[in-house]
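What follows is a set of notes on a single structure, which appears directly below.
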Amino acid sequence: MQYTKGTVNHKTHLDCAVIRDLINYCAREYGESNAFLFHDKPNGKEIHKSYIDFKNDIDALGTALISIGAKDSHIVVIGNNSYKWAVSHNAIINGVGVSVPLDKQLSEPEIISLTERGLADYFIFDQSHLNEAIAVSKANTCIKNFIFKNPEEGSMPDDPRFISYDNLIADGYKLISEGNTDFINATLDANTMCSLLFTSGTTALSKGVMLSHKNVCSNMNNINSTIKINRGRGLSVLPLHHTLENSIGMFYLLASGVCICYTDGLRYLSNNLKEWEITIMLGVPLLFENIYNQIQTTLRKTKKTRIVNIMRKVSNFLRIFKIDIRKKLFKQIIDGLGGKMELFVSGAAPIDVKIIKFFNDIGITFLMGYGLTETSPVISATSFHLNIYGSVGRPLGNIEAAIDTEDPVCGAVGEILTKSDCVMLGYFQNEEATKEVFTEDGWFRTGDSGYLDKKGCIHVTGRLKSMIVLTNGKKVFPEEIELLTDRIPGIKESLAWGHNSAKGTVDICAKFVIDPDSLPDDCKNDDKKIANYIDEQIKIINTKMPVYKSIKYFIFTETDMIKTTTLKIKRPLEEKSINQYLTENNLTMRSASGSRI
């Protein structure tokens, strides 16, 4: 087993045992400074909330929840990213009970199922999830109250279990003014579950990850000791039920004095970046790939690609001598991102190194993080001190990581293991699954394959579950192939998988989502020419890989693939859809290869 441990780069000012300590620290340290900025509706009135407002609203809602009998309950929170979502989640975990954040894009049956599996007694929702809340109310008589965050006029259901969030929080303020301290003085156990988060996947297969205050606070303390950021404004894009946004995009940014701005939606992204002069943005690779591609398209149209590339080389040369003029050289590009952008942080999946290099070259630090819901979530990250492109950095301070391999050679591939206070309590009501992910000596099995470089940085090669095993025993990670195929001009995204042929072999196949506007002009409206173009590009890629990794057959479409809310492709559902298409049309991948589906 190869082993690495994180380095503490600086002494942290943050040392919270429970999340309430973090909330109180922020209120003391940053006071009336803006903690949140958002609109009441897209392009509507701008609303400011200070750190003190945030603490007071949490206290009021928590007090009110206890007053209606919610103490020690499991409470669902679902809806769009919002200030009220943040207040609700924090009120629950800081003295009421257990928060059960649900993916806002789940279907009605999935929401009903996970609400029941999460043993929820209360259900907090917004206008966008009114229909789902009504469906849950009909299916689950155990729910005591449905708390409606922002009801439109006349939309409150005629059911006494439905109550107003605004009225509830007003009751909380009244109770506090009368001397009620049931919430404010509630005892918190750092080692018991405070949050129950369901992993992505089908309803039956998703697991409930139990996180404690100790898990989350350890992760915050470890991040803060490894990567230091100061104030600024962060744009909240990823869904808050996801641990990357919940832990880093909310708790860590607040601890760093950053003002969190809630986007009006992805189509308003550019406006929000400029209006609020955003300095920090967390996201998934697809978000940054889209921003990169838009910049490259603009450079091509304005015939500035060559001059920008020359400027990058000149700038990088000057930086050797500690002369940094990137903000001046690339001002026009940075202005397109709001003018103040300083830091991009990507997680959840690999990203092409050329994108990381481009943004770092123009003066926007681009860091990669790695982790899972089960690890609260960050295991490792590149940093201002050590940013090895293509890696996900060294483990955070106080976190251990290892590669499960008997091969002592640096770069040997194996399963990534980790051990720290950030690792979950276990899977909710699933002891068997919990035992499966821990080794006998207490290491958590991530299910990811990777290796360590000479500096102790982790390189992730793929998910073990998605690994393609060929009939000759060779192993292929589809993510490695997809990183290459995603670079093909005109390809928005790709999926590689192992297809069982009639001959008993496993053929590596690919599905491509094309962007017609980015294809070469001579093949945009001709499927045969598109297929020939892709085929030629695949032949070039195949020459860069071992023969056994070569793509044999491919299909293409303009329809986006099935994804999670963090924009990761749902591989099993995509493969099932492809196989269903082949069966219904009496095709094999060999006969379908090169065709549009």
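Each chain in the structure tokens gets a letter, A, B and so on, in the order shown; residues start at 1 in every chain, and ligands are counted from 1 in the order they appear.
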Notebook entry, point to check: DSSP on the backbone: what in range 117-363 of chain A comes out alpha helix (DSSP H), as a ChimeraX atom specification?
Noted result: /A:117,130-139,165-177,213-226,243,253-255,269-275,285-301,305-320,326-329,331-335,353-361
Write out the residues from the selection above, keeping C-alpha atoms, as an mmCIF file, in the first residue's frame.
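This is the output file selection08.cif:
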```cif
data_model
loop_
_atom_site.group_PDB
_atom_site.id
_atom_site.type_symbol
_atom_site.label_atom_id
_atom_site.label_comp_id
_atom_site.auth_asym_id
_atom_site.auth_seq_id
_atom_site.Cartn_x
_atom_site.Cartn_y
_atom_site.Cartn_z
ATOM 1 C CA ARG A 117 -36.693 6.197 3.856
ATOM 2 C CA LEU A 130 -45.539 22.610 -4.296
ATOM 3 C CA ASN A 131 -46.875 19.731 -6.443
ATOM 4 C CA GLU A 132 -44.310 17.330 -4.977
ATOM 5 C CA ALA A 133 -45.154 18.454 -1.432
ATOM 6 C CA ILE A 134 -48.854 17.818 -2.085
ATOM 7 C CA ALA A 135 -48.012 14.370 -3.459
ATOM 8 C CA VAL A 136 -45.975 13.566 -0.337
ATOM 9 C CA SER A 137 -48.833 14.813 1.878
ATOM 10 C CA LYS A 138 -51.209 12.347 0.223
ATOM 11 C CA ALA A 139 -48.768 9.446 0.365
ATOM 12 C CA TYR A 165 -42.255 29.633 6.811
ATOM 13 C CA ASP A 166 -42.525 33.420 7.294
ATOM 14 C CA ASN A 167 -45.162 33.041 9.993
ATOM 15 C CA LEU A 168 -43.092 30.342 11.669
ATOM 16 C CA ILE A 169 -39.920 32.425 11.812
ATOM 17 C CA ALA A 170 -41.920 35.419 13.108
ATOM 18 C CA ASP A 171 -43.231 33.181 15.907
ATOM 19 C CA GLY A 172 -39.631 32.228 16.676
ATOM 20 C CA TYR A 173 -38.549 35.847 17.066
ATOM 21 C CA LYS A 174 -41.513 36.455 19.385
ATOM 22 C CA LEU A 175 -40.646 33.424 21.514
ATOM 23 C CA ILE A 176 -37.018 34.547 21.850
ATOM 24 C CA SER A 177 -38.105 38.048 22.857
ATOM 25 C CA HIS A 213 -20.921 17.864 13.212
ATOM 26 C CA LYS A 214 -17.453 16.402 13.778
ATOM 27 C CA ASN A 215 -17.304 15.164 10.169
ATOM 28 C CA VAL A 216 -18.264 18.505 8.642
ATOM 29 C CA CYS A 217 -16.284 20.685 11.051
ATOM 30 C CA SER A 218 -13.150 18.565 10.613
ATOM 31 C CA ASN A 219 -13.393 19.071 6.877
ATOM 32 C CA MET A 220 -13.805 22.837 7.300
ATOM 33 C CA ASN A 221 -10.834 23.022 9.676
ATOM 34 C CA ASN A 222 -8.690 20.903 7.350
ATOM 35 C CA ILE A 223 -9.544 22.952 4.255
ATOM 36 C CA ASN A 224 -8.858 26.158 6.134
ATOM 37 C CA SER A 225 -5.424 24.898 7.203
ATOM 38 C CA THR A 226 -4.525 23.999 3.609
ATOM 39 C CA THR A 243 -21.918 18.174 -0.176
ATOM 40 C CA LEU A 253 -17.034 30.457 2.222
ATOM 41 C CA LEU A 254 -18.908 31.875 5.208
ATOM 42 C CA ALA A 255 -16.001 30.995 7.516
ATOM 43 C CA LEU A 269 -24.935 33.415 -15.057
ATOM 44 C CA SER A 270 -23.166 36.074 -17.104
ATOM 45 C CA ASN A 271 -25.369 38.855 -15.691
ATOM 46 C CA ASN A 272 -24.838 37.686 -12.100
ATOM 47 C CA LEU A 273 -21.055 37.478 -12.550
ATOM 48 C CA LYS A 274 -20.939 41.073 -13.752
ATOM 49 C CA GLU A 275 -23.576 42.584 -11.462
ATOM 50 C CA PRO A 285 -16.120 20.385 -14.992
ATOM 51 C CA LEU A 286 -18.983 20.859 -17.459
ATOM 52 C CA LEU A 287 -19.609 24.394 -16.165
ATOM 53 C CA PHE A 288 -15.975 25.420 -16.629
ATOM 54 C CA GLU A 289 -15.743 23.595 -19.959
ATOM 55 C CA ASN A 290 -18.701 25.641 -21.215
ATOM 56 C CA ILE A 291 -17.109 28.908 -20.040
ATOM 57 C CA TYR A 292 -13.798 27.915 -21.660
ATOM 58 C CA ASN A 293 -15.501 26.952 -24.941
ATOM 59 C CA GLN A 294 -17.422 30.239 -25.054
ATOM 60 C CA ILE A 295 -14.185 32.173 -24.592
ATOM 61 C CA GLN A 296 -12.446 30.153 -27.310
ATOM 62 C CA THR A 297 -15.372 30.669 -29.694
ATOM 63 C CA THR A 298 -15.213 34.437 -29.115
ATOM 64 C CA LEU A 299 -11.445 34.456 -29.674
ATOM 65 C CA ARG A 300 -11.837 32.566 -32.963
ATOM 66 C CA LYS A 301 -14.595 34.867 -34.197
ATOM 67 C CA THR A 305 -6.662 33.174 -30.653
ATOM 68 C CA ARG A 306 -3.069 33.470 -31.905
ATOM 69 C CA ILE A 307 -2.312 36.749 -30.129
ATOM 70 C CA VAL A 308 -3.773 35.455 -26.828
ATOM 71 C CA ASN A 309 -1.621 32.318 -27.051
ATOM 72 C CA ILE A 310 1.466 34.458 -27.697
ATOM 73 C CA MET A 311 0.548 36.673 -24.735
ATOM 74 C CA ARG A 312 0.226 33.583 -22.541
ATOM 75 C CA LYS A 313 3.769 32.497 -23.435
ATOM 76 C CA VAL A 314 5.157 35.982 -22.804
ATOM 77 C CA SER A 315 3.314 36.246 -19.496
ATOM 78 C CA ASN A 316 4.490 32.829 -18.311
ATOM 79 C CA PHE A 317 8.082 33.775 -19.173
ATOM 80 C CA LEU A 318 7.837 37.028 -17.195
ATOM 81 C CA ARG A 319 6.417 35.192 -14.199
ATOM 82 C CA ILE A 320 9.688 33.269 -13.929
ATOM 83 C CA ARG A 326 -1.814 38.772 -16.344
ATOM 84 C CA LYS A 327 -4.623 40.982 -15.041
ATOM 85 C CA LYS A 328 -3.621 43.703 -17.506
ATOM 86 C CA LEU A 329 -2.834 41.451 -20.475
ATOM 87 C CA LYS A 331 -8.352 42.188 -18.849
ATOM 88 C CA GLN A 332 -10.864 41.870 -21.674
ATOM 89 C CA ILE A 333 -11.381 38.152 -21.032
ATOM 90 C CA ILE A 334 -11.625 38.638 -17.264
ATOM 91 C CA ASP A 335 -14.070 41.525 -17.765
ATOM 92 C CA VAL A 353 -5.635 19.914 -18.220
ATOM 93 C CA LYS A 354 -5.670 22.481 -21.039
ATOM 94 C CA ILE A 355 -8.640 24.204 -19.347
ATOM 95 C CA ILE A 356 -6.860 24.384 -15.984
ATOM 96 C CA LYS A 357 -3.745 25.748 -17.686
ATOM 97 C CA PHE A 358 -5.671 28.348 -19.702
ATOM 98 C CA PHE A 359 -7.373 29.931 -16.693
ATOM 99 C CA ASN A 360 -4.208 29.900 -14.601
ATOM 100 C CA ASP A 361 -2.339 31.479 -17.535
#
```
Spatial neighbours of range 142-147 of chain A, max dist 12 Å, only C-alpha atoms, sep filter under 3 positions, as a count of residues only: 55
Pairwise distance, CA of Ile530 in chain A with CA of Asp507 in chain A, equals 22.1 Å
Worksheet item: Quick one: residues within 12 Å of Asp421 in chain A, only C-alpha atoms counted, chain neighbours fewer than 2 positions away excluded, as JSON, numbers by chain?
Response: {"A": [17, 190, 191, 211, 212, 213, 214, 215, 216, 217, 218, 219, 220, 221, 222, 374, 375, 376, 377, 378, 379, 396, 397, 398, 399, 400, 418, 419, 423, 424, 425, 442, 443, 444]}
Could you please take those selected residues and save C-alpha atoms as a short mmCIF file (atom, residue, chain, number, x, y, z; two decimals), in the first residue's frame?
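After the write, selection.cif holds the following:
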```cif
data_model
loop_
_atom_site.label_atom_id
_atom_site.label_comp_id
_atom_site.auth_asym_id
_atom_site.auth_seq_id
_atom_site.Cartn_x
_atom_site.Cartn_y
_atom_site.Cartn_z
CA ALA A 17 -16.30 21.51 17.15
CA ALA A 190 -20.54 16.48 17.79
CA ASN A 191 -20.45 12.72 17.21
CA LEU A 211 -22.66 12.95 8.64
CA SER A 212 -21.98 14.40 12.08
CA HIS A 213 -20.92 17.86 13.21
CA LYS A 214 -17.45 16.40 13.78
CA ASN A 215 -17.30 15.16 10.17
CA VAL A 216 -18.26 18.50 8.64
CA CYS A 217 -16.28 20.69 11.05
CA SER A 218 -13.15 18.56 10.61
CA ASN A 219 -13.39 19.07 6.88
CA MET A 220 -13.80 22.84 7.30
CA ASN A 221 -10.83 23.02 9.68
CA ASN A 222 -8.69 20.90 7.35
CA GLU A 374 -19.02 9.99 2.53
CA THR A 375 -15.92 12.09 3.30
CA SER A 376 -17.77 15.36 4.08
CA PRO A 377 -16.63 15.81 1.20
CA VAL A 378 -13.04 16.90 0.45
CA ILE A 379 -10.16 14.42 0.68
CA LEU A 396 -5.83 18.14 3.15
CA GLY A 397 -4.04 18.71 6.44
CA ASN A 398 -4.86 15.94 8.98
CA ILE A 399 -6.22 13.62 6.27
CA GLU A 400 -4.52 10.37 5.27
CA THR A 418 -8.67 7.43 3.08
CA LYS A 419 -8.79 7.79 6.85
CA VAL A 423 -15.25 10.02 7.07
CA MET A 424 -18.98 9.42 7.60
CA LEU A 425 -20.60 7.64 10.52
CA GLY A 442 -10.45 1.29 9.33
CA TRP A 443 -9.61 2.70 5.89
CA PHE A 444 -12.55 3.95 3.82
#
```
Any idea what's packed within 10 Å of range 26-30 of chain A, counting only C-alpha atoms, ignoring anything in its chain fewer than 5 positions away? Could you give it as a list in words? Leu14, Arg20, Asp21, Ala35, Ser50, Tyr51, Ile52, Asp53, Phe54, Lys55, Asn56, Arg231, Phe251, Leu254, Ala255, Ser256, Gly257 and Val258 of chain A
Keeping only C-alpha atoms, take the residues you just selected and write them out as a compact mmCIF listing (two decimals), in the first residue's frame.
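Just written: result-v5.txt:
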```txt
# COMPACT_ATOMS: atom_id res chain seq x y z
CA LEU A 14 -11.08 28.39 12.56
CA ARG A 20 -23.05 26.30 15.63
CA ASP A 21 -19.51 27.37 16.62
CA ALA A 35 -23.16 37.19 4.13
CA SER A 50 -25.63 40.10 7.06
CA TYR A 51 -23.84 37.47 9.14
CA ILE A 52 -25.78 38.65 12.17
CA ASP A 53 -29.07 38.41 10.23
CA PHE A 54 -28.16 34.84 9.32
CA LYS A 55 -27.45 33.83 12.93
CA ASN A 56 -30.61 35.53 14.21
CA ARG A 231 -13.40 37.68 1.73
CA PHE A 251 -19.80 26.73 5.36
CA LEU A 254 -18.91 31.88 5.21
CA ALA A 255 -16.00 30.99 7.52
CA SER A 256 -13.70 32.91 5.13
CA GLY A 257 -15.89 36.02 5.20
CA VAL A 258 -17.05 35.54 1.62
```
So that I can see what lies close to Gly390 in chain A, please list as a PDB file with N, CA and C atoms, in the first residue's frame the residues with an atom at most 9 Å from it, counting only C-alpha atoms and leaving out residues fewer than 2 positions away in the same chain.
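Resulting contents of around-v4.pdb:
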```
ATOM      1  N   PRO A 350     -13.138  14.509 -13.531  1.00  0.00           N
ATOM      2  CA  PRO A 350     -11.911  15.032 -14.146  1.00  0.00           C
ATOM      3  C   PRO A 350     -12.219  16.148 -15.134  1.00  0.00           C
ATOM      4  N   ILE A 351     -11.209  16.951 -15.411  1.00  0.00           N
ATOM      5  CA  ILE A 351     -11.339  18.014 -16.399  1.00  0.00           C
ATOM      6  C   ILE A 351     -10.048  18.071 -17.210  1.00  0.00           C
ATOM      7  N   ASP A 352     -10.164  18.476 -18.462  1.00  0.00           N
ATOM      8  CA  ASP A 352      -9.010  18.552 -19.348  1.00  0.00           C
ATOM      9  C   ASP A 352      -7.983  19.537 -18.789  1.00  0.00           C
ATOM     10  N   VAL A 353      -6.723  19.094 -18.751  1.00  0.00           N
ATOM     11  CA  VAL A 353      -5.635  19.914 -18.220  1.00  0.00           C
ATOM     12  C   VAL A 353      -5.501  21.241 -18.967  1.00  0.00           C
ATOM     13  N   ILE A 356      -7.509  23.921 -17.217  1.00  0.00           N
ATOM     14  CA  ILE A 356      -6.860  24.384 -15.984  1.00  0.00           C
ATOM     15  C   ILE A 356      -5.727  25.344 -16.330  1.00  0.00           C
ATOM     16  N   MET A 368      -8.326  22.115  -8.242  1.00  0.00           N
ATOM     17  CA  MET A 368      -9.124  20.897  -8.330  1.00  0.00           C
ATOM     18  C   MET A 368      -9.265  20.278  -6.951  1.00  0.00           C
ATOM     19  N   ASN A 387       0.169  23.090  -7.061  1.00  0.00           N
ATOM     20  CA  ASN A 387      -0.897  22.926  -8.055  1.00  0.00           C
ATOM     21  C   ASN A 387      -0.353  22.148  -9.247  1.00  0.00           C
ATOM     22  N   ILE A 388      -0.350  20.822  -9.100  1.00  0.00           N
ATOM     23  CA  ILE A 388       0.131  19.938 -10.164  1.00  0.00           C
ATOM     24  C   ILE A 388      -1.023  19.666 -11.114  1.00  0.00           C
ATOM     25  N   VAL A 392      -5.349  15.848  -8.313  1.00  0.00           N
ATOM     26  CA  VAL A 392      -6.318  16.475  -7.410  1.00  0.00           C
ATOM     27  C   VAL A 392      -5.611  16.833  -6.104  1.00  0.00           C
ATOM     28  N   GLY A 393      -4.298  17.010  -6.194  1.00  0.00           N
ATOM     29  CA  GLY A 393      -3.511  17.518  -5.088  1.00  0.00           C
ATOM     30  C   GLY A 393      -3.206  16.503  -3.998  1.00  0.00           C
ATOM     31  N   HIS A 459      -3.766  11.209  -8.315  1.00  0.00           N
ATOM     32  CA  HIS A 459      -4.289  11.285  -9.678  1.00  0.00           C
ATOM     33  C   HIS A 459      -5.405  10.255  -9.787  1.00  0.00           C
ATOM     34  N   VAL A 460      -6.614  10.695 -10.086  1.00  0.00           N
ATOM     35  CA  VAL A 460      -7.765   9.793 -10.193  1.00  0.00           C
ATOM     36  C   VAL A 460      -7.874   9.302 -11.630  1.00  0.00           C
TER      37      VAL A 460
END
```
Notebook entry, point to check: Quick one: residues within 10 Å of Tyr3 in chain A, only C-alpha atoms counted, chain neighbours fewer than 4 positions away excluded, as a ChimeraX atom specification?
Noted result: /A:400-404,416-418,452,456
